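Novice: So that we are looking at the same thing, I have put the structure below in structure tokens.
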Amino acid sequence: MSRQVVSIRPEAPITDAIKVMLAHHISGLPVVDSADNLVGIICESDFLRRSEIGTEHERNRLLSLLLGAERVASEFVKEHGRKVEQVMTRQPVTTNEQAPLDEVADVMERRHLNHIPVMRADRIVGIITRSDFLSAVAGPLTGASGYSGSDNQLRRAVLAALAKTPWQPIGLNVRVRDGAVSLRGVIRGESAHRAAIVACENVPGVLRVDDRLCVQPSRPDPEDDYGGGDFVSLQMEPSTLDDEPLWRREERAASVELAVSFHNRW
């Protein structure tokens with residue numbers, strides 16, 4: 001979060017709020033009263049509907065009656081108000097310093113928020129914005145993995161990563177050489193295809209992924225959204241030169257069983 005929080009008073013003219021936001025390159029400005037209590041937030045979105053630029057709502061009499069006088073009057077104040085308290089969003093969504101980042105992300109996504117004030121008791125101590133997530137993501141992506149294991153260890157890590165995925169693809173031949181992962185086999189659905197590659201790329205130590213997968217169209221049935229019966233757990237088998245897809249082994253075993261059954265009958 002950003003700890004250096006710029007704020008404004010509710011009785012200030014909106015022109016002052018605009019100047020502060022432009023000068024500090026911020027899109028959200030907390031509003032605090034004389035006791036430094038958070039009473040609202042004013043954002044760029046609060047200026048979308050304004051009479052100065054001709055974007056205010058135009059309601060005919062019938063629609064105004066359907067919406068109700070309270071809502072129409074509230075919109076008029078927001079679109080024509082000259083003070084911060086007349087335009088700001090009251091009772092903004094807030095969080096605290098101990099809140100997990102995934103919970104903050106969930107709230108921002110569900111509520112379509114760009115800013116969330118961070119509170120300590122009744123006082124604002126920071127603000128977290130969507131741009132703060134950019135910095136948080138950039139660190140792990142640009143940092144060195146520090147991986148120093150063998151190709152066999154890396155292959156086991158890739159298999160484990162694929163096994164943890166919700167779709168758990170079967171029939172994939174995974175080989176690793178000098179940090180390069182080679183994927184062969186058949187996978188159902190383009191989304192599962194891309195997801196398998198991403199899962200491999202996110203394993204520490206993987207330098208690149210050699211994609212040699214054959215993609216089959218997904219079935220339209222709801223139960224086959226993730227590839228139906230083709231997705232089961234991956235076996236943690238050692239890497240050999242004659243690695244064979246699991247589905248071909250099962251197919252060969254079924255053929256042998258059928259031949260034996262046919263011989264016994266005759």
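Ordered as shown in the structure tokens, chains take letters A, B, and onward, while each chain numbers its residues from 1 and ligands are numbered from 1 in the order shown.
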Running DSSP on the backbone, which parts of segment 22-176 of chain A land in helix (DSSP H, G or I), as a ChimeraX atom specification?
Specialist: /A:22-24,44-47,51-53,61-67,69-80,84-87,101-111,130-142,151-163
Novice: Quick one: residues within 12 Å of Ser2 of chain A, only C-alpha atoms counted, chain neighbours fewer than 2 positions away excluded, as a VMD selection string?
Specialist: chain A and resid 4 to 6 26 97 115 to 118 124 to 133 135
Novice: Could you please take those selected residues and save N, CA and C atoms as a PDB file, in the first residue's frame?
Specialist:
```pdb
ATOM      1  N   GLN A   4       2.016   7.310   2.130  1.00  0.00           N
ATOM      2  CA  GLN A   4       1.911   8.766   2.024  1.00  0.00           C
ATOM      3  C   GLN A   4       0.571   9.113   1.384  1.00  0.00           C
ATOM      4  N   VAL A   5      -0.440   9.275   2.218  1.00  0.00           N
ATOM      5  CA  VAL A   5      -1.800   9.479   1.724  1.00  0.00           C
ATOM      6  C   VAL A   5      -2.123  10.961   1.651  1.00  0.00           C
ATOM      7  N   VAL A   6      -2.507  11.395   0.461  1.00  0.00           N
ATOM      8  CA  VAL A   6      -2.979  12.767   0.270  1.00  0.00           C
ATOM      9  C   VAL A   6      -4.488  12.762   0.458  1.00  0.00           C
ATOM     10  N   ILE A  26      -2.930  10.982  -9.076  1.00  0.00           N
ATOM     11  CA  ILE A  26      -3.712   9.956  -8.394  1.00  0.00           C
ATOM     12  C   ILE A  26      -5.149  10.004  -8.911  1.00  0.00           C
ATOM     13  N   GLU A  97      -4.675  -3.177   7.964  1.00  0.00           N
ATOM     14  CA  GLU A  97      -3.274  -3.503   7.663  1.00  0.00           C
ATOM     15  C   GLU A  97      -3.000  -5.003   7.674  1.00  0.00           C
ATOM     16  N   HIS A 115      -9.458   1.721  -5.738  1.00  0.00           N
ATOM     17  CA  HIS A 115      -8.764   2.160  -4.529  1.00  0.00           C
ATOM     18  C   HIS A 115      -9.493   1.641  -3.304  1.00  0.00           C
ATOM     19  N   ILE A 116      -8.729   1.276  -2.280  1.00  0.00           N
ATOM     20  CA  ILE A 116      -9.305   0.907  -0.989  1.00  0.00           C
ATOM     21  C   ILE A 116      -8.459   1.543   0.111  1.00  0.00           C
ATOM     22  N   PRO A 117      -9.043   2.436   0.900  1.00  0.00           N
ATOM     23  CA  PRO A 117      -8.311   3.015   2.036  1.00  0.00           C
ATOM     24  C   PRO A 117      -7.977   1.938   3.066  1.00  0.00           C
ATOM     25  N   VAL A 118      -6.796   2.049   3.648  1.00  0.00           N
ATOM     26  CA  VAL A 118      -6.351   1.108   4.671  1.00  0.00           C
ATOM     27  C   VAL A 118      -6.454   1.803   6.025  1.00  0.00           C
ATOM     28  N   ILE A 124      -7.135   6.609   8.795  1.00  0.00           N
ATOM     29  CA  ILE A 124      -6.577   6.101   7.555  1.00  0.00           C
ATOM     30  C   ILE A 124      -5.053   6.161   7.620  1.00  0.00           C
ATOM     31  N   VAL A 125      -4.407   5.026   7.330  1.00  0.00           N
ATOM     32  CA  VAL A 125      -2.944   4.961   7.413  1.00  0.00           C
ATOM     33  C   VAL A 125      -2.314   4.643   6.053  1.00  0.00           C
ATOM     34  N   GLY A 126      -3.129   4.438   5.063  1.00  0.00           N
ATOM     35  CA  GLY A 126      -2.611   4.147   3.737  1.00  0.00           C
ATOM     36  C   GLY A 126      -3.745   3.938   2.758  1.00  0.00           C
ATOM     37  N   ILE A 127      -3.376   3.679   1.521  1.00  0.00           N
ATOM     38  CA  ILE A 127      -4.362   3.385   0.486  1.00  0.00           C
ATOM     39  C   ILE A 127      -3.736   2.402  -0.484  1.00  0.00           C
ATOM     40  N   ILE A 128      -4.496   1.397  -0.867  1.00  0.00           N
ATOM     41  CA  ILE A 128      -4.009   0.406  -1.812  1.00  0.00           C
ATOM     42  C   ILE A 128      -4.774   0.560  -3.121  1.00  0.00           C
ATOM     43  N   THR A 129      -4.041   0.594  -4.216  1.00  0.00           N
ATOM     44  CA  THR A 129      -4.627   0.789  -5.535  1.00  0.00           C
ATOM     45  C   THR A 129      -4.249  -0.386  -6.431  1.00  0.00           C
ATOM     46  N   ARG A 130      -4.874  -0.425  -7.584  1.00  0.00           N
ATOM     47  CA  ARG A 130      -4.561  -1.499  -8.529  1.00  0.00           C
ATOM     48  C   ARG A 130      -3.117  -1.408  -9.005  1.00  0.00           C
ATOM     49  N   SER A 131      -2.586  -0.205  -9.075  1.00  0.00           N
ATOM     50  CA  SER A 131      -1.201  -0.064  -9.512  1.00  0.00           C
ATOM     51  C   SER A 131      -0.234  -0.674  -8.495  1.00  0.00           C
ATOM     52  N   ASP A 132      -0.639  -0.747  -7.207  1.00  0.00           N
ATOM     53  CA  ASP A 132       0.210  -1.374  -6.205  1.00  0.00           C
ATOM     54  C   ASP A 132       0.382  -2.873  -6.484  1.00  0.00           C
ATOM     55  N   PHE A 133      -0.624  -3.466  -7.121  1.00  0.00           N
ATOM     56  CA  PHE A 133      -0.522  -4.881  -7.458  1.00  0.00           C
ATOM     57  C   PHE A 133       0.521  -5.105  -8.549  1.00  0.00           C
ATOM     58  N   SER A 135       3.426  -3.598  -8.814  1.00  0.00           N
ATOM     59  CA  SER A 135       4.723  -3.696  -8.142  1.00  0.00           C
ATOM     60  C   SER A 135       4.861  -5.031  -7.415  1.00  0.00           C
TER      61      SER A 135
END
```
Novice: Please determine, counting only C-alpha atoms, which residue among A:Leu113, A:Ile8, A:Val174, A:Ala99 has the shortest atom-to-atom distance to Cys200 of chain A.
Specialist: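 Closest candidate: A:Val174.
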Novice: Which distance in Å separates atom CA of Gln216 of chain A and atom CA of Gly171 of chain A, to one decimal?
Specialist: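 Interatomic distance here is 12.7 Å.
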Novice: Excluding same-chain residues fewer than 3 positions from segment 154-160 of chain A, what lies within 6 Å of it counting only C-alpha atoms, as a PyMOL selection string?
Specialist: chain A and resi 151+163+176+200
Novice: So that I can check the surroundings of Val87 of chain A, please list as number ranges by chain every protein, DNA and RNA residue that reaches within 8 Å of it, counting only C-alpha atoms and ignoring chain neighbours fewer than 2 positions away.
Specialist: A: 14, 42, 46, 77-79, 81-85, 89
Novice: Just to confirm, what's the straight-line distance from atom CA of Phe76 of chain A to atom CA of Glu52 of chain A in Å (one decimal)?
Specialist: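 Computing it gives 12.6 Å between the two atoms.
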Novice: Can you list, as a CSV table (one decimal) with N, CA and C atoms, in the first residue's frame, every residue of segment 27-180 of chain A that DSSP puts in strand (DSSP E)?
Specialist:
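And here is the file that came out, part-v6.csv:
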```csv
chain,number,residue,atom,x,y,z
A,28,GLY,N,-7.7,8.6,-7.0
A,28,GLY,CA,-8.6,8.5,-5.9
A,28,GLY,C,-8.1,9.3,-4.7
A,29,LEU,N,-9.0,10.1,-4.1
A,29,LEU,CA,-8.6,11.0,-3.0
A,29,LEU,C,-9.5,10.8,-1.8
A,30,PRO,N,-8.9,10.3,-0.7
A,30,PRO,CA,-9.7,10.1,0.5
A,30,PRO,C,-10.2,11.5,1.0
A,31,VAL,N,-11.3,11.5,1.6
A,31,VAL,CA,-11.9,12.7,2.2
A,31,VAL,C,-12.0,12.5,3.7
A,32,VAL,N,-11.4,13.4,4.5
A,32,VAL,CA,-11.4,13.3,5.9
A,32,VAL,C,-11.9,14.6,6.6
A,38,LEU,N,-12.2,9.3,8.3
A,38,LEU,CA,-12.5,9.1,6.9
A,38,LEU,C,-14.0,9.2,6.7
A,39,VAL,N,-14.5,10.1,5.8
A,39,VAL,CA,-15.9,10.2,5.6
A,39,VAL,C,-16.3,9.9,4.1
A,40,GLY,N,-15.3,9.7,3.3
A,40,GLY,CA,-15.7,9.4,1.9
A,40,GLY,C,-14.4,9.3,1.0
A,41,ILE,N,-14.6,9.2,-0.3
A,41,ILE,CA,-13.5,9.2,-1.2
A,41,ILE,C,-14.0,9.7,-2.5
A,42,ILE,N,-13.2,10.5,-3.2
A,42,ILE,CA,-13.6,11.1,-4.4
A,42,ILE,C,-12.6,10.6,-5.5
A,43,CYS,N,-13.2,10.0,-6.6
A,43,CYS,CA,-12.5,9.4,-7.6
A,43,CYS,C,-12.7,10.0,-9.0
A,89,THR,N,-18.0,9.8,-2.9
A,89,THR,CA,-18.7,8.5,-2.6
A,89,THR,C,-18.6,8.3,-1.1
A,90,ARG,N,-19.7,8.3,-0.4
A,90,ARG,CA,-19.8,8.1,1.0
A,90,ARG,C,-19.6,6.7,1.5
A,95,THR,N,-10.2,-1.5,4.2
A,95,THR,CA,-9.6,-2.7,4.7
A,95,THR,C,-8.7,-2.3,5.9
A,96,ASN,N,-8.0,-3.3,6.4
A,96,ASN,CA,-7.0,-3.0,7.5
A,96,ASN,C,-5.6,-3.5,7.1
A,115,HIS,N,-9.5,1.7,-5.7
A,115,HIS,CA,-8.8,2.2,-4.5
A,115,HIS,C,-9.5,1.6,-3.3
A,116,ILE,N,-8.7,1.3,-2.3
A,116,ILE,CA,-9.3,0.9,-1.0
A,116,ILE,C,-8.5,1.5,0.1
A,117,PRO,N,-9.0,2.4,0.9
A,117,PRO,CA,-8.3,3.0,2.0
A,117,PRO,C,-8.0,1.9,3.1
A,118,VAL,N,-6.8,2.0,3.6
A,118,VAL,CA,-6.4,1.1,4.7
A,118,VAL,C,-6.5,1.8,6.0
A,119,MET,N,-7.2,1.2,6.9
A,119,MET,CA,-7.5,1.8,8.2
A,119,MET,C,-6.8,1.1,9.4
A,120,ARG,N,-6.5,2.0,10.4
A,120,ARG,CA,-6.0,1.5,11.7
A,120,ARG,C,-7.0,2.1,12.7
A,123,ARG,N,-8.6,5.6,11.8
A,123,ARG,CA,-7.8,6.5,11.1
A,123,ARG,C,-7.2,5.8,9.8
A,124,ILE,N,-7.1,6.6,8.8
A,124,ILE,CA,-6.6,6.1,7.6
A,124,ILE,C,-5.1,6.2,7.6
A,125,VAL,N,-4.4,5.0,7.3
A,125,VAL,CA,-2.9,5.0,7.4
A,125,VAL,C,-2.3,4.6,6.1
A,126,GLY,N,-3.1,4.4,5.1
A,126,GLY,CA,-2.6,4.1,3.7
A,126,GLY,C,-3.7,3.9,2.8
A,127,ILE,N,-3.4,3.7,1.5
A,127,ILE,CA,-4.4,3.4,0.5
A,127,ILE,C,-3.7,2.4,-0.5
A,128,ILE,N,-4.5,1.4,-0.9
A,128,ILE,CA,-4.0,0.4,-1.8
A,128,ILE,C,-4.8,0.6,-3.1
A,129,THR,N,-4.0,0.6,-4.2
A,129,THR,CA,-4.6,0.8,-5.5
A,129,THR,C,-4.2,-0.4,-6.4
A,172,LEU,N,0.4,-37.1,-21.1
A,172,LEU,CA,1.4,-36.2,-21.5
A,172,LEU,C,2.8,-36.8,-21.3
A,173,ASN,N,3.6,-36.7,-22.3
A,173,ASN,CA,5.0,-37.2,-22.1
A,173,ASN,C,5.8,-36.0,-21.8
A,174,VAL,N,6.4,-36.0,-20.6
A,174,VAL,CA,7.2,-34.9,-20.1
A,174,VAL,C,8.7,-35.2,-20.1
A,175,ARG,N,9.5,-34.5,-20.8
A,175,ARG,CA,10.9,-34.7,-20.7
A,175,ARG,C,11.6,-33.3,-20.4
A,176,VAL,N,12.7,-33.4,-19.7
A,176,VAL,CA,13.4,-32.2,-19.4
A,176,VAL,C,14.9,-32.4,-19.7
A,177,ARG,N,15.4,-31.4,-20.4
A,177,ARG,CA,16.9,-31.4,-20.7
A,177,ARG,C,17.4,-30.0,-20.6
A,180,ALA,N,14.9,-27.2,-20.2
A,180,ALA,CA,13.9,-27.0,-21.2
A,180,ALA,C,12.9,-28.2,-21.1
```
Novice: Which residue gives the smallest distance to Ser51 of chain A among A:His25, A:Arg111, A:Arg71, A:His80, with only C-alpha atoms counted?
Specialist: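 Among the listed residues, A:His80 lies closest to Ser51 of chain A.
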Novice: Rank A:Val209, A:Ala105, A:Val72, A:Met88 by their smallest atom-to-atom distance to Glu44 of chain A, using only C-alpha atoms, and report the top residue only.
Specialist: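 Result for the nearest residue to Glu44 of chain A: A:Met88.
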Novice: So that I can see what lies close to Gly189 of chain A, please list as number ranges by chain the residues with an atom at most 6 Å from it, counting only C-alpha atoms and leaving out residues fewer than 2 positions away in the same chain.
Specialist: A: 191-192, 216-218
Novice: Output all heavy atoms for every residue in the selection just made, as an mmCIF file, in the first residue's frame.
Specialist:
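Generated file (again.cif):
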```cif
data_model
loop_
_atom_site.group_PDB
_atom_site.id
_atom_site.type_symbol
_atom_site.label_atom_id
_atom_site.label_comp_id
_atom_site.auth_asym_id
_atom_site.auth_seq_id
_atom_site.Cartn_x
_atom_site.Cartn_y
_atom_site.Cartn_z
ATOM 1 N N SER A 191 -8.047 -24.318 -24.066
ATOM 2 C CA SER A 191 -7.798 -23.698 -22.757
ATOM 3 C C SER A 191 -6.918 -24.588 -21.895
ATOM 4 O O SER A 191 -5.983 -24.120 -21.235
ATOM 5 C CB SER A 191 -9.125 -23.420 -22.044
ATOM 6 O OG SER A 191 -9.876 -22.441 -22.736
ATOM 7 N N ALA A 192 -7.200 -25.900 -21.890
ATOM 8 C CA ALA A 192 -6.376 -26.837 -21.133
ATOM 9 C C ALA A 192 -4.968 -26.888 -21.714
ATOM 10 O O ALA A 192 -3.985 -27.058 -20.974
ATOM 11 C CB ALA A 192 -7.013 -28.226 -21.141
ATOM 12 N N GLN A 216 -7.108 -31.702 -29.090
ATOM 13 C CA GLN A 216 -8.393 -32.185 -29.584
ATOM 14 C C GLN A 216 -9.485 -31.206 -29.163
ATOM 15 O O GLN A 216 -9.410 -30.627 -28.080
ATOM 16 C CB GLN A 216 -8.708 -33.568 -29.019
ATOM 17 C CG GLN A 216 -7.823 -34.677 -29.567
ATOM 18 C CD GLN A 216 -8.249 -36.034 -29.042
ATOM 19 O OE1 GLN A 216 -9.010 -36.129 -28.082
ATOM 20 N NE2 GLN A 216 -7.754 -37.091 -29.671
ATOM 21 N N PRO A 217 -10.519 -31.026 -30.005
ATOM 22 C CA PRO A 217 -11.616 -30.119 -29.639
ATOM 23 C C PRO A 217 -12.316 -30.590 -28.378
ATOM 24 O O PRO A 217 -12.452 -31.791 -28.130
ATOM 25 C CB PRO A 217 -12.559 -30.191 -30.845
ATOM 26 C CG PRO A 217 -11.708 -30.698 -31.962
ATOM 27 C CD PRO A 217 -10.698 -31.604 -31.344
ATOM 28 N N SER A 218 -12.764 -29.638 -27.586
ATOM 29 C CA SER A 218 -13.494 -29.981 -26.365
ATOM 30 C C SER A 218 -14.894 -30.451 -26.714
ATOM 31 O O SER A 218 -15.504 -30.011 -27.679
ATOM 32 C CB SER A 218 -13.589 -28.759 -25.441
ATOM 33 O OG SER A 218 -12.317 -28.329 -25.046
#
```
Novice: A:Gly149, A:Val206, A:Pro92, A:Arg212: which is nearest His193 of chain A, counting only C-alpha atoms?
Specialist: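 Ranking A:Gly149, A:Val206, A:Pro92, A:Arg212 by distance to His193 of chain A, first place goes to A:Arg212.
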Novice: Of the candidates A:Asn202, A:Asn152, A:Gln98, A:Thr165, which shows the shortest atom-to-atom distance to Ala121 of chain A, using only C-alpha atoms?
Specialist: A:Gln98
